[in-house]
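Participant: Got a structure for you, written out below as structure tokens; questions coming shortly.
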Amino acid sequence: MQAWFKRTSDVPGDRRGKWLVLAAWFIIAMALGPLAGKLADVQDSSANAFLPRSSESAKLNKELEKFRADELMPAVVIYSADGSLSAEGRAKAEKDVAAFQELAAEGERVDAPLESKDGQALMVVVPLISDADIVATTKKVRDVADANAPPGVAVEVGGPAGSTTDAAGAFESLDSMLMMVTGLVVAILLLITYRSPILWLLPLLAVGFASVLTQVGTYVLAKYAGLPVDPQSSGVLMVLVFGVGTDYALLLIARYREELRREEDRHVAMKTALRRSGPAIMASAGTIAIGLVCLVLADVNSSRSMGLVGAIGVVCAFLAMVTILPALLVITGRWVFWPFVPRWTPEAAAETEAPASRSRWERIGSATAARPRRAWVLSLAATGLLALSSLGLDMGLTQSELLQTKPESVVAQERISAHYPSGSSDPATVVAPTADVAEVRRAADGTEGVVSVQDGPATPDGELTLLSVVLEDVPDSAGAKDTVDALRENTDALVGGTTAQSLDTQRASVRDLWVIVPAVLLVVLLVLVWLLRSVVGPLIMLGTVVVSFFAALGASNLLFENVMGHAGVDWSVPLLGFVYLVALGIDYNIFLMHRVKEEVTLHGHAKGVLTGLTTTGGVITSAGVVLAATFAVIASLPLVPMAQMGVVVGLGILLDTFLVRTILLPALALDLGTRFWWPGALSKAPGARGAAPAHEGRASEPVG
């Protein structure tokens, strides 16, 4: 082990160092704590925060800034009835126009209600300023629309402002709710795992320190270094810190408890535990962080944000779990494990081999070793069967399908589509040079799927002019996307709007998938090769995680269709699910094979694999359940894309924990024999590779 790591790992377990570490973290938390609450101030919730950087719709949004200081976002109010609209309903709409005018953007006019051809509906468009108060203003529009509605008249507020307001409602208190629910889930699981009324508090306290450091680091980088942060990435950030941090805590505490039985001095026990579990934890954190950083290659801004912000959280969780947690454990002493206090005995200190185990993990290992080829073939067959369901993914969600419940804006769009051209509520936006406006208008009018083209304002310098193009099809639908493609082909102007944004995101997501997936696989493979000093083993480990991803995606698709009632899978889910699952799922393979390598050095390949599986079974299973449970919290969110990602990652982690790490990977390692370690030194000698200091290779005691 490198000298710097030994010196660093000794500090939290030192008699004086533990107090220095505790003091340092308290100073950091008190000094920087106020900045942690400012993360919401640097979140970017604009349209471009979720769009591809190079997309035409993002460029158009930039051009819109030239038209006026405040960008407009219309709220569309629809008054409808089953038959002809009553006189009271018409009077209500006309009266509301005056109230809407007071809420409209300065200098903008609210036109008289537009009647549908069937006479059953009236529509009023209220131009609002798209700023931080858009949600509050839209709610005021809804208050006006809802007040004193005549019997038999349905009034809904939709359009872009209505959709934004409904989406914002899903994000309200997202961070605090996620943190509370995740904390509660983790606390319950730690109580079950340790069966101690005190011990579970220390990992949570350490995670609390990590979350403060994470939020501060994210805020500073976002404010001064241009780190992209949006509401989705900041919400997932806390879940990731809790899940990953608790995983590392479980691994460290298991090793520390083992060492307490062999070391009379708890400070020595902690130093030993850190030296032996530290490399695996560091390799795990490094793999996850590097894998997530690969998302910097994404064109979609929200994907870049999810990766970079997540990497910060993993690094901060790692720092907390190898510094403040060891210090807290040493300060509190052995009694913190009460009622199952690990006692030092001379007999335990003298042991050089792991005692015979009668655990379920030994039984699983013995069954796998009896017929390893059958074990891995059956495991692959099971995962392959689940993976088949991923071939039938119905990709893409419309704006109306992004929430798990039907909000008012979706109901409004349904009523608009029933009485007006479907695109009336959310026209496509075209920005053209003023000199070419007449030609662009003619080309747009002649495009199939276009209902009408309306002239809009020009920039103050007169160089650009805005056109509003009403499409025949529902915004964000396949037909509307075809029309946007045709508009772009027929004109040289920029075409944007909701439909164009969805189209650009869809295409960029496919591009990102083909670019980022190979990059993640390559960097993770290189880390594994460095860790195990092998090529064959890392290729197999990586392959098993990829297989479990497709199995998780297939199983998730069955849930989306048959249980959750989702219309399809969001375009962001395959990429983000793959990156997160490969980065997190490889964790358990690292924990297992790092210990297996240690045992193979002592006892030979076959016994080393079985000993590694048996002695890490409890702690890795506990870690997998905790991490899967934290992502299950995300699956409960009202936003369909986030819920889908939580399901995919959570199921994938469970597959990695109970099938891949427990059966598939050990069976492959046993079937290949020492070839698993090719071309490393372990591939050349099937027996033990020499002696080791007393209890050097002793395994972690299972927990849970």
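Residues in the structure tokens are numbered from 1 in each chain, the chains being A, B, ... in the order shown, and ligands are numbered from 1 in the order shown.
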Quick one: residues within 7 Å of segment 361-370 of chain A, only C-alpha atoms, excluding same-chain residues fewer than 4 positions away - as a tab-separated table (two decimals) with all heavy atoms, in the first residue's frame?

Facilitator:
```tsv
chain	number	residue	atom	x	y	z
A	357	SER	N	-17.81	-21.35	8.61
A	357	SER	CA	-19.08	-20.62	8.62
A	357	SER	C	-20.22	-21.54	8.27
A	357	SER	O	-20.11	-22.40	7.41
A	357	SER	CB	-19.03	-19.46	7.61
A	357	SER	OG	-20.29	-18.88	7.49
A	375	ALA	N	-24.65	-22.99	-12.88
A	375	ALA	CA	-25.07	-21.81	-12.12
A	375	ALA	C	-25.03	-20.56	-12.99
A	375	ALA	O	-26.00	-19.78	-13.01
A	375	ALA	CB	-24.20	-21.63	-10.89
A	610	LEU	N	-14.74	-18.70	-2.80
A	610	LEU	CA	-15.81	-19.06	-1.87
A	610	LEU	C	-15.71	-18.30	-0.56
A	610	LEU	O	-16.72	-17.87	0.00
A	610	LEU	CB	-15.79	-20.57	-1.61
A	610	LEU	CG	-16.12	-21.44	-2.82
A	610	LEU	CD1	-16.01	-22.91	-2.45
A	610	LEU	CD2	-17.51	-21.13	-3.33
A	613	LEU	N	-16.88	-14.73	-1.14
A	613	LEU	CA	-18.34	-14.67	-1.23
A	613	LEU	C	-18.97	-14.83	0.14
A	613	LEU	O	-19.87	-14.07	0.52
A	613	LEU	CB	-18.83	-15.76	-2.18
A	613	LEU	CG	-20.35	-15.97	-2.23
A	613	LEU	CD1	-21.04	-14.73	-2.75
A	613	LEU	CD2	-20.70	-17.18	-3.07
A	614	THR	N	-18.52	-15.82	0.90
A	614	THR	CA	-19.12	-16.12	2.19
A	614	THR	C	-18.98	-14.97	3.18
A	614	THR	O	-19.92	-14.60	3.89
A	614	THR	CB	-18.49	-17.38	2.79
A	614	THR	OG1	-18.69	-18.47	1.88
A	614	THR	CG2	-19.09	-17.72	4.13
A	617	GLY	N	-20.87	-11.57	2.09
A	617	GLY	CA	-22.27	-11.68	1.72
A	617	GLY	C	-23.19	-10.75	2.49
A	617	GLY	O	-24.01	-10.04	1.91
A	663	ILE	N	-24.25	-15.15	-7.41
A	663	ILE	CA	-24.18	-16.40	-8.17
A	663	ILE	C	-23.40	-16.25	-9.48
A	663	ILE	O	-22.44	-16.98	-9.72
A	663	ILE	CB	-25.60	-16.92	-8.47
A	663	ILE	CG1	-26.35	-17.21	-7.17
A	663	ILE	CG2	-25.54	-18.18	-9.34
A	663	ILE	CD1	-27.80	-17.61	-7.36
A	667	ALA	N	-19.70	-17.89	-10.00
A	667	ALA	CA	-19.75	-19.09	-10.84
A	667	ALA	C	-18.81	-18.96	-12.04
A	667	ALA	O	-18.11	-19.92	-12.39
A	667	ALA	CB	-21.18	-19.34	-11.31
A	670	LEU	N	-15.24	-19.32	-10.78
A	670	LEU	CA	-14.91	-20.71	-10.46
A	670	LEU	C	-14.74	-21.55	-11.73
A	670	LEU	O	-13.86	-22.40	-11.81
A	670	LEU	CB	-15.99	-21.31	-9.57
A	670	LEU	CG	-16.04	-20.79	-8.12
A	670	LEU	CD1	-17.31	-21.24	-7.44
A	670	LEU	CD2	-14.81	-21.26	-7.34
```

Participant: As number ranges by chain, which residues of segment 10-198 of chain A does DSSP assign to strand (DSSP E or B)?

Facilitator: A: 52, 72-80, 114-115, 121-129, 154-158

Participant: Tell me, as a list in words, which residues lie within 7 Å of segment 477-483 of chain A, counting only C-alpha atoms; anything in the same chain fewer than 3 positions away does not count.

Facilitator: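 Neighbouring residues, sequence-local ones excluded: Thr398, Glu448, Gly449, Leu471, Asp473, Val474, Ala486, Leu487, Thr499, Ala500 and Leu503 of chain A.
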
Participant: Limited to C-alpha atoms, could you put the picked residues into a file as an mmCIF file, in the first residue's frame?

Facilitator:
```cif
data_model
loop_
_atom_site.group_PDB
_atom_site.id
_atom_site.type_symbol
_atom_site.label_atom_id
_atom_site.label_comp_id
_atom_site.auth_asym_id
_atom_site.auth_seq_id
_atom_site.Cartn_x
_atom_site.Cartn_y
_atom_site.Cartn_z
ATOM 1 C CA THR A 398 -45.264 13.923 -24.477
ATOM 2 C CA GLU A 448 -48.335 20.399 -44.674
ATOM 3 C CA GLY A 449 -49.605 20.304 -41.095
ATOM 4 C CA LEU A 471 -49.843 23.332 -36.069
ATOM 5 C CA ASP A 473 -51.487 18.198 -34.508
ATOM 6 C CA VAL A 474 -51.215 18.123 -30.718
ATOM 7 C CA ALA A 486 -40.859 20.056 -42.675
ATOM 8 C CA LEU A 487 -40.764 23.695 -41.505
ATOM 9 C CA THR A 499 -42.586 20.374 -30.123
ATOM 10 C CA ALA A 500 -39.208 21.410 -31.538
ATOM 11 C CA LEU A 503 -37.718 16.605 -31.112
#
```

Participant: Between atom CA of Leu386 of chain A and atom CA of Ile653 of chain A, measure the distance and give it in Å to one decimal.

Facilitator: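 Result for atom CA of Leu386 of chain A versus atom CA of Ile653 of chain A: 14.6 Å, one decimal.
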
Participant: In Å, with one decimal, what is the gap from atom CA of Val410 of chain A to atom CA of Asp394 of chain A?

Facilitator: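 Distance between the two atoms: 20.6 Å.
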
Participant: Taking only C-alpha atoms into account, which of A:Ala283, A:Ile416, A:Val569, A:Leu403 comes nearest Val76 of chain A?

Facilitator: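 Of the candidates, the smallest distance to Val76 of chain A is held by A:Ile416.
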
Participant: Hey, which bits of segment 539-600 of chain A sit within 10 Å of segment 306-322 of chain A, and for each residue what's the closest pair of atoms and how far apart in Å (one decimal), counting only C-alpha atoms, rows by chain and increasing number, as a tab-separated table?

Facilitator:
```
residue	atom	partner	partner_atom	distance
A:Leu576	CA	A:Met306	CA	8.1
A:Val579	CA	A:Gly307	CA	8.5
A:Tyr580	CA	A:Gly307	CA	8.6
```

Participant: Restricted to N, CA and C atoms, what would the selected residues look like written as a PDB file, in the first residue's frame?

Facilitator:
```
ATOM      1  N   LEU A 576     -29.203   7.682 -18.587  1.00  0.00           N
ATOM      2  CA  LEU A 576     -28.933   7.937 -17.176  1.00  0.00           C
ATOM      3  C   LEU A 576     -29.017   6.641 -16.371  1.00  0.00           C
ATOM      4  N   VAL A 579     -25.677   4.707 -17.028  1.00  0.00           N
ATOM      5  CA  VAL A 579     -24.505   5.295 -16.377  1.00  0.00           C
ATOM      6  C   VAL A 579     -24.570   5.084 -14.870  1.00  0.00           C
ATOM      7  N   TYR A 580     -25.702   5.372 -14.267  1.00  0.00           N
ATOM      8  CA  TYR A 580     -25.821   5.223 -12.818  1.00  0.00           C
ATOM      9  C   TYR A 580     -25.726   3.762 -12.406  1.00  0.00           C
TER      10      TYR A 580
END
```

Participant: Do you have the atom CA of Asn589 of chain A-atom CA of Ile540 of chain A distance handy?

Facilitator: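 According to the coordinates, atom CA of Asn589 of chain A and atom CA of Ile540 of chain A are separated by 10.3 Å.
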